[in-house]
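Pasting data30.tsv here (TSV, C-alpha atoms):
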```
chain	number	residue	atom	x	y	z
A	1	MET	CA	108.72	97.31	39.97
A	2	ASP	CA	109.93	98.35	43.42
A	3	SER	CA	107.29	99.58	45.85
A	4	PRO	CA	107.66	103.21	46.92
A	5	ALA	CA	109.60	103.87	50.12
A	6	THR	CA	107.57	104.56	53.25
A	7	CYS	CA	108.31	105.85	56.73
A	8	HIS	CA	109.85	103.15	58.93
A	9	PHE	CA	107.60	104.10	61.85
A	10	CYS	CA	104.18	105.06	60.50
A	11	GLY	CA	104.16	103.97	56.85
A	12	SER	CA	103.64	107.46	55.43
A	13	ARG	CA	104.95	108.15	51.92
A	14	GLN	CA	105.57	111.82	52.73
A	15	LEU	CA	109.26	111.30	53.45
A	16	ALA	CA	111.44	114.05	54.90
A	17	ALA	CA	114.77	112.47	55.89
A	18	ASN	CA	116.97	109.39	55.94
A	19	LEU	CA	118.63	108.02	59.06
A	20	ASN	CA	121.83	106.28	57.93
A	21	PHE	CA	124.06	103.99	60.01
A	22	ARG	CA	127.60	102.89	59.17
A	23	LYS	CA	130.48	101.25	61.00
A	24	GLU	CA	133.99	102.69	61.33
A	25	VAL	CA	137.28	101.33	62.62
A	26	THR	CA	140.58	103.04	63.37
A	27	GLY	CA	143.45	102.59	60.95
A	28	ALA	CA	147.17	102.31	61.58
A	29	GLU	CA	147.50	106.07	62.12
A	30	GLY	CA	144.42	106.32	64.34
A	31	ALA	CA	142.14	107.84	61.69
A	32	TRP	CA	138.58	106.58	61.36
A	33	ARG	CA	137.53	104.83	58.15
A	34	THR	CA	134.19	103.37	57.10
A	35	VAL	CA	134.11	99.58	56.75
A	36	ALA	CA	130.36	98.90	56.37
A	37	GLU	CA	127.15	100.66	55.43
A	38	LEU	CA	124.69	99.15	57.91
A	39	ALA	CA	121.19	100.52	57.32
A	40	THR	CA	119.12	103.37	55.95
A	41	VAL	CA	115.83	104.23	57.63
A	42	CYS	CA	113.28	106.44	55.85
A	43	ILE	CA	111.44	108.98	58.03
A	44	CYS	CA	108.42	111.18	57.35
A	45	GLY	CA	108.14	114.78	58.51
A	46	SER	CA	105.98	113.96	61.52
A	47	CYS	CA	108.24	111.19	62.84
A	48	LEU	CA	111.32	113.30	62.08
A	49	VAL	CA	110.34	115.60	64.96
A	50	TRP	CA	110.78	112.95	67.63
A	51	VAL	CA	113.77	111.31	65.88
A	52	GLU	CA	115.57	114.69	65.97
A	53	ASP	CA	114.56	115.14	69.61
A	54	THR	CA	115.77	111.64	70.47
A	55	ALA	CA	119.16	112.27	68.83
A	56	ARG	CA	119.43	115.65	70.55
A	57	VAL	CA	118.62	114.28	74.03
A	58	ALA	CA	120.94	111.29	73.58
A	59	GLY	CA	123.74	113.53	72.32
A	60	ALA	CA	123.42	115.88	75.30
A	61	GLY	CA	124.66	113.07	77.54
A	62	ASN	CA	122.52	114.11	80.51
A	63	GLY	CA	119.78	111.48	80.32
A	64	ASP	CA	116.23	112.52	79.50
A	65	PRO	CA	114.88	115.55	81.42
A	66	ASN	CA	111.33	114.20	81.05
A	67	GLY	CA	112.14	111.06	82.98
A	68	ARG	CA	112.18	108.49	80.19
A	69	LEU	CA	114.70	105.79	81.10
A	70	GLY	CA	117.27	104.13	78.87
A	71	PHE	CA	119.04	107.21	77.48
A	72	SER	CA	122.80	107.08	77.93
A	73	TYR	CA	124.46	109.24	80.54
A	74	SER	CA	127.88	110.77	79.96
A	75	GLY	CA	129.13	110.77	83.52
A	76	ASP	CA	131.59	113.36	84.76
A	77	MET	CA	133.81	113.96	81.71
A	78	THR	CA	134.32	117.58	80.75
A	79	THR	CA	136.04	117.19	77.38
A	80	LEU	CA	135.06	115.14	74.36
A	81	SER	CA	137.34	113.83	71.62
A	82	ASP	CA	137.03	111.57	68.59
A	83	ASP	CA	137.99	108.67	70.87
A	84	HIS	CA	134.79	108.91	72.91
A	85	CYS	CA	131.12	108.20	72.23
A	86	ASN	CA	129.02	111.30	71.54
A	87	TYR	CA	126.26	109.89	73.78
A	88	CYS	CA	127.75	108.14	76.81
A	89	TRP	CA	131.35	109.36	76.39
A	90	ALA	CA	132.68	105.84	76.82
A	91	GLN	CA	136.06	105.37	75.19
A	92	PHE	CA	135.95	103.64	71.81
A	93	LEU	CA	137.65	100.25	71.65
A	94	GLY	CA	138.79	100.41	68.04
A	95	GLU	CA	135.35	100.67	66.45
A	96	ALA	CA	132.55	103.22	66.28
A	97	TYR	CA	129.21	103.75	64.56
A	98	ILE	CA	128.18	106.82	62.60
A	99	ILE	CA	124.62	108.16	62.50
A	100	ASP	CA	123.76	110.55	59.67
A	101	LEU	CA	120.36	112.27	59.81
A	102	ILE	CA	119.98	113.67	56.30
A	103	PRO	CA	116.97	115.69	55.07
A	104	THR	CA	115.74	114.43	51.71
A	105	GLY	CA	114.14	117.70	50.64
A	106	ARG	CA	116.33	119.71	48.24
A	107	THR	CA	116.19	123.09	46.56
A	108	THR	CA	118.15	124.50	43.63
A	109	GLY	CA	120.74	127.12	44.44
A	110	ARG	CA	123.04	129.23	42.30
A	111	GLY	CA	124.50	127.50	39.29
A	112	GLY	CA	121.78	124.87	39.38
A	113	ARG	CA	123.35	123.08	42.36
A	114	PHE	CA	121.09	121.26	44.81
A	115	ARG	CA	121.25	121.75	48.55
A	116	HIS	CA	119.50	120.00	51.40
A	117	VAL	CA	116.64	121.72	53.19
A	118	GLY	CA	117.56	121.49	56.85
A	119	GLU	CA	120.67	120.53	58.76
A	120	ILE	CA	122.66	117.35	58.12
A	121	ARG	CA	123.49	115.97	61.56
A	122	GLN	CA	126.15	113.40	62.34
A	123	GLN	CA	127.01	111.57	65.55
A	124	ARG	CA	129.73	109.00	66.33
A	125	ILE	CA	128.62	106.51	68.96
A	126	CYS	CA	129.79	103.29	70.62
A	127	ARG	CA	128.57	99.71	70.16
A	128	PHE	CA	126.21	100.03	73.16
A	129	CYS	CA	124.53	103.18	71.92
A	130	TYR	CA	124.24	101.77	68.41
A	131	ALA	CA	122.48	98.71	69.88
A	132	TRP	CA	120.17	101.10	71.75
A	133	TRP	CA	119.24	102.75	68.44
A	134	ARG	CA	118.57	99.34	66.86
A	135	VAL	CA	116.23	98.40	69.70
A	136	THR	CA	114.56	101.82	69.57
A	137	LEU	CA	113.96	101.49	65.83
A	138	ARG	CA	112.48	98.05	66.42
A	139	ASP	CA	110.09	99.33	69.09
A	140	PRO	CA	110.10	103.09	69.81
A	141	SER	CA	107.30	102.99	72.39
A	142	ALA	CA	109.62	103.30	75.40
A	143	VAL	CA	111.41	106.33	73.91
A	144	LYS	CA	108.10	107.90	72.93
A	145	GLY	CA	106.78	107.24	76.45
A	146	THR	CA	103.76	105.40	75.03
A	147	GLY	CA	104.22	101.86	76.35
A	148	PHE	CA	106.38	98.93	77.36
A	149	ARG	CA	107.79	96.26	75.06
A	150	ARG	CA	105.27	93.47	74.62
A	151	GLU	CA	107.73	90.69	75.50
A	152	GLU	CA	108.12	92.13	78.98
A	153	GLY	CA	104.54	91.01	79.66
A	154	GLU	CA	103.22	91.39	83.18
A	155	MET	CA	106.74	91.95	84.51
A	156	GLY	CA	107.36	95.04	82.36
A	157	GLY	CA	107.21	97.41	85.31
A	158	TRP	CA	109.14	97.18	88.54
A	159	ARG	CA	107.75	95.86	91.79
A	160	THR	CA	108.74	95.61	95.46
A	161	SER	CA	108.59	91.90	96.30
A	162	VAL	CA	111.98	92.37	98.01
A	163	ALA	CA	113.04	95.62	99.68
A	164	CYS	CA	116.50	96.30	101.13
A	165	ASP	CA	118.52	99.17	102.50
A	166	THR	CA	121.33	100.08	100.12
A	167	ALA	CA	124.72	101.77	99.99
A	168	SER	CA	126.70	102.98	96.99
A	169	VAL	CA	130.31	103.66	96.08
A	170	ALA	CA	131.45	106.08	93.34
A	171	LEU	CA	128.29	105.90	91.21
A	172	LEU	CA	127.73	108.33	88.36
A	173	GLN	CA	125.51	111.22	89.41
A	174	ARG	CA	122.46	110.04	87.49
A	175	ASP	CA	122.84	106.41	88.62
A	176	GLU	CA	123.12	107.60	92.22
A	177	PHE	CA	119.93	109.63	91.78
A	178	ILE	CA	117.99	106.69	90.30
A	179	LEU	CA	119.20	104.37	93.06
A	180	ARG	CA	118.29	106.84	95.80
A	181	GLN	CA	114.83	107.53	94.35
A	182	THR	CA	114.06	103.84	93.82
A	183	VAL	CA	115.06	102.88	97.36
A	184	ALA	CA	112.99	105.75	98.78
A	185	ALA	CA	109.98	104.64	96.71
A	186	ILE	CA	110.04	101.18	98.30
A	187	GLY	CA	110.33	102.65	101.78
A	188	ARG	CA	113.93	101.79	102.60
A	189	ASN	CA	117.10	103.77	103.35
A	190	HIS	CA	120.09	104.55	101.17
A	191	HIS	CA	123.41	106.26	101.84
A	192	PRO	CA	126.62	106.65	99.81
A	193	LEU	CA	129.97	105.34	101.00
A	194	SER	CA	133.43	106.63	100.21
A	195	LEU	CA	136.15	104.56	98.58
A	196	ASN	CA	137.80	104.27	102.01
A	197	ASP	CA	134.79	102.62	103.69
A	198	GLY	CA	135.44	99.04	102.58
A	199	PRO	CA	136.62	97.76	106.00
A	200	LEU	CA	133.49	99.24	107.61
A	201	LEU	CA	131.03	97.16	105.58
A	202	PRO	CA	130.52	94.57	108.40
A	203	LEU	CA	128.56	97.38	110.12
A	204	HIS	CA	126.18	97.36	107.16
A	205	SER	CA	125.82	93.61	106.55
A	206	ASP	CA	122.06	93.94	105.97
A	207	LYS	CA	122.56	96.25	102.97
A	208	ILE	CA	122.97	95.68	99.25
A	209	VAL	CA	126.02	97.63	98.07
A	210	PHE	CA	126.27	99.06	94.54
A	211	ILE	CA	129.83	99.84	93.38
A	212	CYS	CA	130.77	101.55	90.09
A	213	ALA	CA	133.66	99.92	88.26
A	214	GLY	CA	136.42	102.14	86.87
A	215	ARG	CA	138.97	101.96	84.09
A	216	ARG	CA	141.59	100.75	86.55
A	217	ASP	CA	140.90	98.94	89.81
A	218	ARG	CA	138.33	101.07	91.65
A	219	ALA	CA	135.70	98.38	92.36
A	220	SER	CA	138.12	95.48	92.79
A	221	ALA	CA	140.39	97.42	95.16
A	222	PHE	CA	137.39	98.40	97.27
A	223	LEU	CA	136.01	94.86	97.33
A	224	ALA	CA	139.39	93.40	98.33
A	225	ARG	CA	139.01	95.24	101.68
A	226	VAL	CA	135.52	93.83	102.32
A	227	ASP	CA	134.89	90.74	104.45
A	228	PRO	CA	134.61	87.85	101.93
A	229	ARG	CA	131.37	86.73	103.60
A	230	LEU	CA	129.72	90.03	102.60
A	231	ARG	CA	130.92	90.23	99.00
A	232	ALA	CA	127.96	88.20	97.75
A	233	ARG	CA	125.73	91.20	98.57
A	234	VAL	CA	127.61	93.51	96.18
A	235	ALA	CA	126.49	94.57	92.71
A	236	ILE	CA	129.05	95.95	90.24
A	237	ILE	CA	127.87	98.71	87.87
A	238	GLY	CA	129.75	99.77	84.79
A	239	ARG	CA	130.13	100.07	81.05
A	240	ALA	CA	132.18	98.27	78.42
A	241	ASP	CA	135.32	100.36	79.00
A	242	CYS	CA	135.31	99.30	82.69
A	243	MET	CA	135.12	95.54	82.16
A	244	GLU	CA	138.59	94.64	83.46
A	245	ASP	CA	137.82	96.15	86.86
A	246	ALA	CA	134.32	94.64	86.84
A	247	ARG	CA	135.67	91.17	85.99
A	248	ALA	CA	138.22	91.37	88.82
A	249	ALA	CA	135.51	92.43	91.29
A	250	LEU	CA	133.26	89.54	90.22
A	251	ARG	CA	136.10	87.09	90.72
A	252	LEU	CA	136.62	88.49	94.22
A	253	GLY	CA	133.06	87.51	95.13
A	254	ALA	CA	130.55	90.08	93.81
A	255	LEU	CA	127.54	88.29	92.34
A	256	GLU	CA	125.83	90.96	90.23
A	257	LEU	CA	126.86	92.84	87.10
A	258	LEU	CA	124.64	95.80	86.20
A	259	SER	CA	124.89	98.17	83.26
A	260	SER	CA	124.88	101.96	83.46
A	261	PRO	CA	122.52	103.78	83.06
A	262	LEU	CA	120.68	102.15	85.95
A	263	THR	CA	116.92	101.68	85.96
A	264	PRO	CA	114.58	100.93	88.88
A	265	GLN	CA	114.00	97.48	87.43
A	266	GLN	CA	117.72	96.66	87.42
A	267	ILE	CA	117.97	97.79	91.05
A	268	VAL	CA	115.01	95.79	92.35
A	269	GLY	CA	116.01	92.77	90.25
A	270	ALA	CA	119.48	92.84	91.85
A	271	MET	CA	117.87	93.03	95.30
A	272	GLU	CA	115.85	89.90	94.53
A	273	ARG	CA	118.84	87.88	93.40
A	274	LEU	CA	121.29	89.08	96.06
A	275	THR	CA	118.92	88.19	98.90
A	276	ARG	CA	118.47	84.59	97.73
A	277	PRO	CA	120.50	81.89	99.51
A	278	SER	CA	123.66	81.25	97.49
A	279	PRO	CA	127.12	79.67	97.91
A	280	VAL	CA	129.81	81.97	99.31
A	281	ASN	CA	132.01	81.34	96.28
A	282	PRO	CA	129.95	79.88	93.40
A	283	ALA	CA	131.57	78.50	90.26
A	284	ARG	CA	132.33	81.24	87.75
A	285	GLY	CA	133.11	81.57	84.07
A	286	ASN	CA	136.70	82.29	83.08
A	287	ARG	CA	135.93	84.93	80.47
A	288	THR	CA	133.68	87.31	82.43
A	289	GLY	CA	133.79	86.26	86.07
A	290	LEU	CA	130.00	85.81	86.05
A	291	PRO	CA	128.51	82.87	87.98
A	292	LEU	CA	127.66	79.71	86.08
A	293	LEU	CA	123.89	79.43	85.73
A	294	GLY	CA	122.02	76.28	86.61
A	295	ASP	CA	118.64	74.96	85.57
A	296	PRO	CA	115.48	77.06	85.83
A	297	VAL	CA	114.12	77.29	89.39
A	298	THR	CA	110.53	76.78	90.55
A	299	ARG	CA	108.96	79.56	92.63
A	300	ASP	CA	105.42	80.96	93.40
A	301	GLY	CA	103.12	82.09	90.45
A	302	VAL	CA	102.19	81.38	86.85
A	303	THR	CA	104.97	82.59	84.53
A	304	GLN	CA	107.97	80.49	83.49
A	305	GLU	CA	111.73	80.73	83.62
A	306	HIS	CA	113.67	80.01	80.43
A	307	LEU	CA	117.39	79.42	79.94
A	308	LEU	CA	118.85	81.23	76.92
A	309	ALA	CA	122.38	81.02	75.50
A	310	VAL	CA	124.21	83.82	73.71
A	311	ARG	CA	127.32	83.16	71.64
A	312	PRO	CA	128.51	86.64	70.55
A	313	ALA	CA	129.69	87.26	67.01
A	314	PRO	CA	133.35	86.39	66.30
A	315	GLY	CA	135.59	89.15	67.61
A	316	GLU	CA	133.05	90.44	70.15
A	317	GLU	CA	134.81	90.88	73.51
A	318	PRO	CA	132.97	88.68	76.08
A	319	GLY	CA	132.97	91.34	78.78
A	320	ARG	CA	131.41	93.91	76.49
A	321	ALA	CA	128.84	91.35	75.38
A	322	ALA	CA	127.99	90.67	79.03
A	323	PHE	CA	127.30	94.36	79.66
A	324	MET	CA	125.14	94.49	76.54
A	325	LEU	CA	123.16	91.44	77.60
A	326	ARG	CA	122.59	92.96	81.03
A	327	ARG	CA	121.51	96.32	79.63
A	328	PHE	CA	119.07	94.97	77.06
A	329	LEU	CA	117.39	92.34	79.23
A	330	ARG	CA	114.90	93.22	81.93
A	331	GLY	CA	116.26	93.86	85.38
A	332	TYR	CA	114.60	90.70	86.75
A	333	ASP	CA	116.43	88.40	84.35
A	334	GLN	CA	119.72	86.85	85.50
A	335	ILE	CA	122.88	86.68	83.39
A	336	GLY	CA	125.85	84.35	83.72
A	337	GLU	CA	128.12	81.94	81.83
A	338	ASP	CA	127.90	78.28	80.86
A	339	GLY	CA	131.52	77.33	81.64
A	340	GLU	CA	132.46	77.21	77.94
A	341	GLY	CA	132.77	80.94	77.30
A	342	ASN	CA	129.16	81.50	76.24
A	343	LEU	CA	126.80	83.88	77.99
A	344	GLN	CA	123.54	82.66	79.46
A	345	ALA	CA	120.38	84.29	80.75
A	346	LEU	CA	117.54	83.04	82.92
A	347	VAL	CA	114.55	84.93	81.54
A	348	SER	CA	111.20	85.05	83.34
A	349	CYS	CA	108.28	85.50	80.97
A	350	PRO	CA	105.27	83.63	79.58
A	351	ALA	CA	106.29	80.84	77.20
A	352	GLU	CA	104.60	82.53	74.24
A	353	ASP	CA	106.91	85.56	74.60
A	354	VAL	CA	110.25	83.69	74.49
A	355	ASP	CA	110.54	84.06	70.72
A	356	ALA	CA	110.08	87.83	71.04
A	357	VAL	CA	112.88	87.97	73.62
A	358	LEU	CA	115.15	85.95	71.31
A	359	ASP	CA	114.29	88.25	68.40
A	360	ARG	CA	115.14	91.32	70.47
A	361	LEU	CA	118.51	89.86	71.48
A	362	HIS	CA	119.25	89.08	67.83
A	363	THR	CA	118.56	92.76	67.14
A	364	VAL	CA	121.03	93.77	69.86
A	365	PHE	CA	123.88	91.37	69.02
A	366	GLY	CA	123.53	91.22	65.24
A	367	GLU	CA	123.06	88.48	62.69
A	368	LYS	CA	126.44	86.83	63.31
A	369	ALA	CA	125.65	86.10	66.97
A	370	GLN	CA	123.87	82.92	68.05
A	371	VAL	CA	121.00	83.36	70.49
A	372	THR	CA	119.13	80.18	71.38
A	373	ARG	CA	116.84	78.66	73.96
A	374	LYS	CA	118.89	76.05	75.78
A	375	ALA	CA	116.71	74.10	78.20
A	376	SER	CA	113.17	73.08	78.93
A	377	SER	CA	111.36	75.42	81.29
A	378	THR	CA	109.84	74.80	84.67
A	379	PRO	CA	106.87	76.70	86.16
A	380	LEU	CA	108.01	79.88	87.89
A	381	ARG	CA	105.82	80.98	90.75
A	382	ARG	CA	106.22	84.60	91.71
A	383	GLN	CA	106.36	85.80	95.28
A	384	ALA	CA	103.52	88.20	96.04
A	385	ALA	CA	104.49	91.86	96.19
A	386	GLY	CA	104.49	93.36	99.62
```

The structure in this file should be written as structure tokens.
Amino acid sequence: MDSPATCHFCGSRQLAANLNFRKEVTGAEGAWRTVAELATVCICGSCLVWVEDTARVAGAGNGDPNGRLGFSYSGDMTTLSDDHCNYCWAQFLGEAYIIDLIPTGRTTGRGGRFRHVGEIRQQRICRFCYAWWRVTLRDPSAVKGTGFRREEGEMGGWRTSVACDTASVALLQRDEFILRQTVAAIGRNHHPLSLNDGPLLPLHSDKIVFICAGRRDRASAFLARVDPRLRARVAIIGRADCMEDARAALRLGALELLSSPLTPQQIVGAMERLTRPSPVNPARGNRTGLPLLGDPVTRDGVTQEHLLAVRPAPGEEPGRAAFMLRRFLRGYDQIGEDGEGNLQALVSCPAEDVDAVLDRLHTVFGEKAQVTRKASSTPLRRQAAG
């Protein structure tokens, strides 16, 4: 006999709704059709309140007004069509994911017909935002504002072991705000640049520059006008529909790929990596333009650095997978390639938490992806904050 269904979050048997996920692809005439029923999550009345609020805030596309990080941001689009994600408004690349929030309570209407009590809500979202829901369902504490993920350990917050002045080019409004506030919090200066300021960057050689990739050649065209000796202090920010520009900018010499929406941890993590001594033109992977990662490095402290490998599921575009890996790892962890088309990550955490990190990445990339620990670890000593 099957056990009765319970709420996914709290275990209550007083169920009020189902949260259904399914995958769609576009057909020959551009119409969407369902190809897979992915999951059904049972929700009680109490948990339904915050699930509805989470879907509402994510669907508004303006980030979270209460300051919780991780919600998608829609950028500066003013119109929305079936070809764009309801959350981040990124353009779909042939596939989408449907969320149906369906009340389970029913009443009898005229003619004995049943009707749902409450509104049936539906949203069509991109691969990134679907992965965000999967991670949120796995551990909702960050969305609820009640805690950090356990596997982030002592590095779950963001710290100021390295502090730099920054500049930015063409960032989305919310990303610009987060960058400006983070830099101010660590006591340094930030100012935006225009797309015509590339040749002037030698005047700002002590800065870390954050450039937003576009759907054409915004970041790469800007970087082509920058002194090659300064390109290693540039971080490229973007989303999956901007990967061609991001890849070109990485191949021109940028060393960092960050995922919008930005977080303080991504910003400070990029500062740490971009201020380390590095070759002017390190070896890079052919599929993403990311640097090839070496063995774990020894520094000051007690945690460890672990080398992980990610082979995306067949058909997963490598650039999109790189953005997903960057978004769903902590900002202090480094991403790159292995020279054979696979993604890699240097993850800093206690050894006992590596399995939790691997499990989380399996949640993000799906069962058909391969996520493994590749190398033995060496002690990682952290630099004291200051």

Closest of A:Asp139, A:Asp82, A:Asp245, A:Glu37 to Cys126 in chain A, counting only C-alpha atoms, is A:Asp82

Asp217 in chain A proximity check over A:Ala58, A:Ala185, A:Val25, A:Ala248, using only C-alpha atoms: winner is A:Ala248

**Report entry** Shell around Gly269 in chain A at 9 Å using all atoms listed in the file, local window under 2 positions removed, as an NGL selection string
**Finding:** :A and (158-159 or 162 or 264-267 or 271-274 or 330-334)

One decimal place gives the CA of Ala60 in chain A-CA of Val183 in chain A separation as 26.9 Å

Expressed in Å, the length from CA of Thr363 in chain A to CA of Leu290 in chain A is 23.2 Å

Using all atoms listed in the file, the shortest atom-to-atom distance to Leu361 in chain A among A:Arg216, A:Arg134, A:Arg229, A:Arg320 belongs to A:Arg134

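You will find CA of Phe21 in chain A at 23.8 Å from CA of Arg326 in chain A.
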
(request) Determine, counting all atoms listed in the file, every residue of protein, DNA or RNA that lies within 6 Å of (124.9, 97.3, 83.4) in the file coordinates, then give the result as a PyMOL selection string. (result) chain A and resi 237-238+258-260+323+326-327

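Nearest-residue note for Asp359 in chain A: choosing from A:Val135, A:Ala249, A:Ala55, A:Leu48, the minimum distance belongs to A:Val135, counting all atoms listed in the file.
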
The residue from A:Glu24, A:Arg33, A:Cys88, A:Leu101 with the smallest atom-to-atom distance to Val49 in chain A, counting all atoms listed in the file, is A:Leu101

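The protein and nucleic acid residues lying at most 10 Å from Asn286 in chain A are A:Arg247, A:Arg251, A:Leu290, A:Pro291, A:Leu292, A:Glu337, A:Asp338, A:Gly339, A:Glu340, A:Gly341, with all atoms listed in the file considered and sequence neighbours fewer than 4 positions away removed.
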